[in-house]
Structure formats: C-alpha cells, structure tokens
Amino acid sequence: MEVIKENSKKTFENWVNQFSDELFSWALYKTSSKETAEDLVQETFLAAFHKIDTFQGKSQPKTWLFSILNNKVIDHYRLSAKTTKQTFSISENSGYELSDGLFNETENWKNNEINPIWDQEEELLDNPEFNNVMQDCMEDLPQKWKFAVTSKYLTDKNADEICQELEITVSNYWQIVHRAKLLLKKCLEMKWL
Amino acid sequence: MQKIMNMMVNSCKKTTELIDKQLFTPLTAKEKMQLQVHKSMCKTCTAYEHQSKLIDSIIGKWFTGKSKTNVKLPEERKNKILEEINKS
C-alpha cells in the first residue's frame, strides 16, 4: 500500500510540472480570478491524488485532470451563485432554438449579408478586446456546449474520450460544436462593433 | 428560382452543418459534392466556413499558449501543491 502511495507521489510530481500551467490558465479563464484559479488547481490535484485508484488509464491523465477541474469550477459557481452575480448559461433547448433562428423557413440564411467584422480576420486573433467579447459569448453557451467546443484543445483531439465524458455520441458531438459555433457567430456579430 | 435551387442543392442550414462536420469526420463523396455546389453559389455559406475556422483558431490559441491570456501557475503554488500531496 505504502509503495503504491509513493509511486503515485512521483507520478503527481510529473503531472504538476506538466499540466498545472494549462489547468491554471483554463481555471483563470473560467473564473477571472487568479486566487480562485490557483485554489481550484490545487483542489483538483489533491482530489485527483485521493481518488487515483479510480483513474484507470482509459483516458489521458490530462483529460482526467481537466474533468476534475471542470467539476471544481462548476462547484465554485454553484457556491458563489448565492453571494455574487451569477453568469447564466442558456439551456440546450434555447440553444437549438436560437441557432435555428438564423435560418428562415426554407432553411436558408435569414440575413445573407456578410458582416464586415469578419474582414479583419488577422487583427481579430490578436485583439485582446475581441478575445474578451468572444469569452463573454462563450459564457452564454449551454454548459455542455462550452465544454464540447473547448475540449478538442484540452484532450489531444480524441473525439471518443470527449464523447464519453459528455455522454454523447460522436455525431451528437460535432452537431453540438456546430450549433455552438452558429451561436458564437451570432453573438460576435451583435457584440463586436 | 429559390424553389429550384432547393431541389437541386442543400439548404444553407444543411450546408453549414457539413462545413462543421468535415472538421470532425470525413464527408462522403456525395456530401463533398453538395458542399462544393452550394458554396459555389452562396457567398454567405462560403463566408461561414471562414468564420467557423476563425472561431476555432481563436479558441485554439487560448489553449496553445500563444494567446495573450495564457499564464503560468506561480512556482510557490506548485510547491504548495506538491507539499500538500506529500503530507497526504
């Protein structure tokens, strides 16, 4: 038993060195507070350490840690909802309705005009203000969709693992990402002037 | 004209689905053709393809360390975490 514990301590040392920056920047993006983000990352590693025997190596360690962190983030919002302003995600149903709303009854674009914001492609990528607007738009997405859109970058692009975590099928997965992108497009065109 | 177009080719809604689907799984030959035909006639969907990719690159940047929002967990905190783990 003690040997196992010592081995996992070694493993965790590697994981902290390898993954803590990524976990931290994700937590920071989710919470916008350095202190909270640091705490959440610490809680994530400790929680992971205590339930290391439930980690069966079926997914990547990074994926596993990120799923724990995401739960911590959700818990954090649940707790702080009572005291601070809650940021509301819309429900999946309204997500479907809103994205359907971009098209008319013949399923073609309601608005065929191409918004001029998309011409500034290169500038947008490095524009911090645009990135902030984009983050706001992400906040509005249904919780599951948010994770679907970002998880591709968090998990070395293994679609099967992501689907397992989200409890969806692969075809559901790209459809969710697709719907999320339609909403992001709509939101950016409204909020970025 | 709109009606004939609808019979011949996919709607814009369906086309945007294919645009995002191809990023995850290869399209069938038929789907590829439908996508090409539609895009050749529809600027809005062609633009959507660029927009969809741009949204991807922005989000991707947040996680690959190239974004300005990327930061590092302070060393003190890393040590603290390892300390806590070793105490356990």
# chains A, B, ... in the order shown; residues from 1 in each chain; ligands from 1
$ interface_residues --of "chain B" --to "chain A" --cutoff "6 Å" --atoms "only C-alpha atoms" --output "ChimeraX atom specification"
/B:11-13,20-21,44,58,70-73,81
$ select_by_dssp --residues "segment 3-187 of chain A" --states "alpha helix (DSSP H)" --output "ChimeraX atom specification"
/A:3-31,34-50,61-80,92-100,121-126,128-140,143-154,159-166,170-187
$ write_last_selection --atoms "C-alpha atoms" --output "short mmCIF file (atom, residue, chain, number, x, y, z; two decimals), in the first residue's frame"
data_model
loop_
_atom_site.label_atom_id
_atom_site.label_comp_id
_atom_site.auth_asym_id
_atom_site.auth_seq_id
_atom_site.Cartn_x
_atom_site.Cartn_y
_atom_site.Cartn_z
CA VAL A 3 4.66 1.58 -2.16
CA ILE A 4 1.65 2.47 -4.30
CA LYS A 5 1.32 5.75 -2.48
CA GLU A 6 4.98 6.58 -3.00
CA ASN A 7 4.68 5.75 -6.70
CA SER A 8 1.68 7.99 -7.16
CA LYS A 9 3.51 10.81 -5.42
CA LYS A 10 6.17 10.56 -8.08
CA THR A 11 3.50 10.49 -10.79
CA PHE A 12 1.86 13.55 -9.33
CA GLU A 13 5.10 15.46 -9.25
CA ASN A 14 5.31 14.92 -13.01
CA TRP A 15 1.69 15.85 -13.54
CA VAL A 16 2.00 19.06 -11.56
CA ASN A 17 5.00 20.05 -13.65
CA GLN A 18 3.41 19.03 -16.92
CA PHE A 19 -0.18 20.17 -16.58
CA SER A 20 -0.56 22.81 -13.89
CA ASP A 21 0.01 25.79 -16.22
CA GLU A 22 -2.65 24.63 -18.63
CA LEU A 23 -5.07 23.84 -15.83
CA PHE A 24 -4.38 27.22 -14.30
CA SER A 25 -4.94 29.22 -17.46
CA TRP A 26 -8.19 27.34 -18.05
CA ALA A 27 -9.35 27.98 -14.48
CA LEU A 28 -8.33 31.61 -14.76
CA TYR A 29 -10.28 31.98 -17.96
CA LYS A 30 -13.31 30.38 -16.31
CA THR A 31 -13.22 32.33 -13.06
CA LYS A 34 -6.08 34.50 -10.02
CA GLU A 35 -6.56 33.45 -6.45
CA THR A 36 -9.65 31.36 -7.16
CA ALA A 37 -7.95 29.77 -10.14
CA GLU A 38 -4.89 28.83 -8.06
CA ASP A 39 -7.11 27.35 -5.36
CA LEU A 40 -9.12 25.35 -7.87
CA VAL A 41 -5.99 23.89 -9.45
CA GLN A 42 -4.69 22.92 -6.02
CA GLU A 43 -8.03 21.32 -5.11
CA THR A 44 -8.01 19.50 -8.42
CA PHE A 45 -4.62 17.88 -7.79
CA LEU A 46 -5.50 16.96 -4.22
CA ALA A 47 -8.83 15.47 -5.25
CA ALA A 48 -7.10 13.56 -8.03
CA PHE A 49 -4.49 12.25 -5.60
CA HIS A 50 -7.13 10.96 -3.23
CA PRO A 61 -4.15 11.99 -17.37
CA LYS A 62 -4.65 15.48 -18.74
CA THR A 63 -8.23 14.70 -19.76
CA TRP A 64 -8.92 13.23 -16.36
CA LEU A 65 -7.47 16.23 -14.52
CA PHE A 66 -9.42 18.64 -16.69
CA SER A 67 -12.66 16.82 -15.98
CA ILE A 68 -11.99 17.13 -12.25
CA LEU A 69 -11.13 20.81 -12.66
CA ASN A 70 -14.31 21.42 -14.61
CA ASN A 71 -16.34 19.98 -11.78
CA LYS A 72 -14.47 22.19 -9.33
CA VAL A 73 -15.26 25.20 -11.47
CA ILE A 74 -18.93 24.27 -11.57
CA ASP A 75 -18.95 23.77 -7.79
CA HIS A 76 -17.30 27.14 -7.42
CA TYR A 77 -20.04 28.80 -9.42
CA ARG A 78 -22.72 26.94 -7.51
CA LEU A 79 -21.31 28.23 -4.24
CA SER A 80 -20.72 31.78 -5.40
CA GLU A 92 -29.65 23.43 -24.56
CA ASN A 93 -33.19 23.83 -25.86
CA SER A 94 -32.87 27.57 -26.22
CA GLY A 95 -29.51 26.93 -27.84
CA TYR A 96 -31.19 24.89 -30.53
CA GLU A 97 -33.96 27.43 -30.95
CA LEU A 98 -31.58 30.37 -31.19
CA SER A 99 -29.35 28.68 -33.75
CA ASP A 100 -32.38 27.58 -35.78
CA GLU A 121 -9.57 38.27 -39.59
CA GLU A 122 -5.86 38.67 -38.81
CA GLU A 123 -6.34 41.61 -36.48
CA LEU A 124 -9.11 39.90 -34.56
CA LEU A 125 -6.96 36.97 -33.49
CA ASP A 126 -4.58 39.19 -31.55
CA PRO A 128 -7.47 41.42 -26.63
CA GLU A 129 -10.82 43.21 -26.66
CA PHE A 130 -12.17 40.91 -29.31
CA ASN A 131 -10.94 37.95 -27.28
CA ASN A 132 -12.84 39.30 -24.28
CA VAL A 133 -16.04 39.61 -26.29
CA MET A 134 -15.51 36.08 -27.52
CA GLN A 135 -15.13 34.87 -23.94
CA ASP A 136 -18.37 36.62 -23.00
CA CYS A 137 -20.08 34.92 -25.89
CA MET A 138 -18.71 31.57 -24.75
CA GLU A 139 -20.13 32.19 -21.28
CA ASP A 140 -23.63 32.33 -22.69
CA GLN A 143 -22.57 24.36 -20.19
CA LYS A 144 -22.20 21.17 -22.21
CA TRP A 145 -21.67 23.03 -25.47
CA LYS A 146 -18.98 25.18 -23.93
CA PHE A 147 -17.08 22.08 -22.92
CA ALA A 148 -17.68 20.46 -26.32
CA VAL A 149 -16.18 23.45 -28.14
CA THR A 150 -13.09 23.70 -25.97
CA SER A 151 -12.46 20.05 -25.17
CA LYS A 152 -10.93 19.41 -28.55
CA TYR A 153 -8.00 21.53 -27.43
CA LEU A 154 -7.82 20.13 -23.94
CA ALA A 159 -13.17 12.55 -30.01
CA ASP A 160 -14.15 9.24 -28.40
CA GLU A 161 -12.89 10.29 -24.99
CA ILE A 162 -14.63 13.63 -25.17
CA CYS A 163 -17.91 11.96 -26.09
CA GLN A 164 -17.58 9.52 -23.24
CA GLU A 165 -17.15 12.38 -20.82
CA LEU A 166 -20.07 14.35 -22.21
CA VAL A 170 -19.76 11.29 -31.96
CA SER A 171 -22.44 12.58 -34.31
CA ASN A 172 -24.01 14.45 -31.43
CA TYR A 173 -20.61 15.92 -30.67
CA TRP A 174 -19.99 17.64 -33.97
CA GLN A 175 -23.60 18.78 -34.09
CA ILE A 176 -23.22 20.42 -30.70
CA VAL A 177 -19.98 22.09 -31.78
CA HIS A 178 -21.72 23.21 -34.96
CA ARG A 179 -24.65 24.72 -33.05
CA ALA A 180 -22.26 26.37 -30.61
CA LYS A 181 -20.37 27.98 -33.47
CA LEU A 182 -23.57 29.34 -35.03
CA LEU A 183 -24.38 30.97 -31.70
CA LEU A 184 -20.85 32.33 -31.32
CA LYS A 185 -21.07 33.83 -34.79
CA LYS A 186 -24.39 35.44 -33.97
CA CYS A 187 -23.14 36.73 -30.63
#
$ residues_around --residues "Thr15 of chain B" --least-positions-apart "2" --cutoff "12 Å" --atoms "only C-alpha atoms" --output "PyMOL selection string"
(chain A and resi 103+107-109+178) or (chain B and resi 6+9-13+17-22+27+31-49)
$ closest_residue --among "A:Leu193, A:Ile168, A:Ile52, A:Ile117" --to "Leu54 of chain B" --atoms "only C-alpha atoms"
A:Ile117
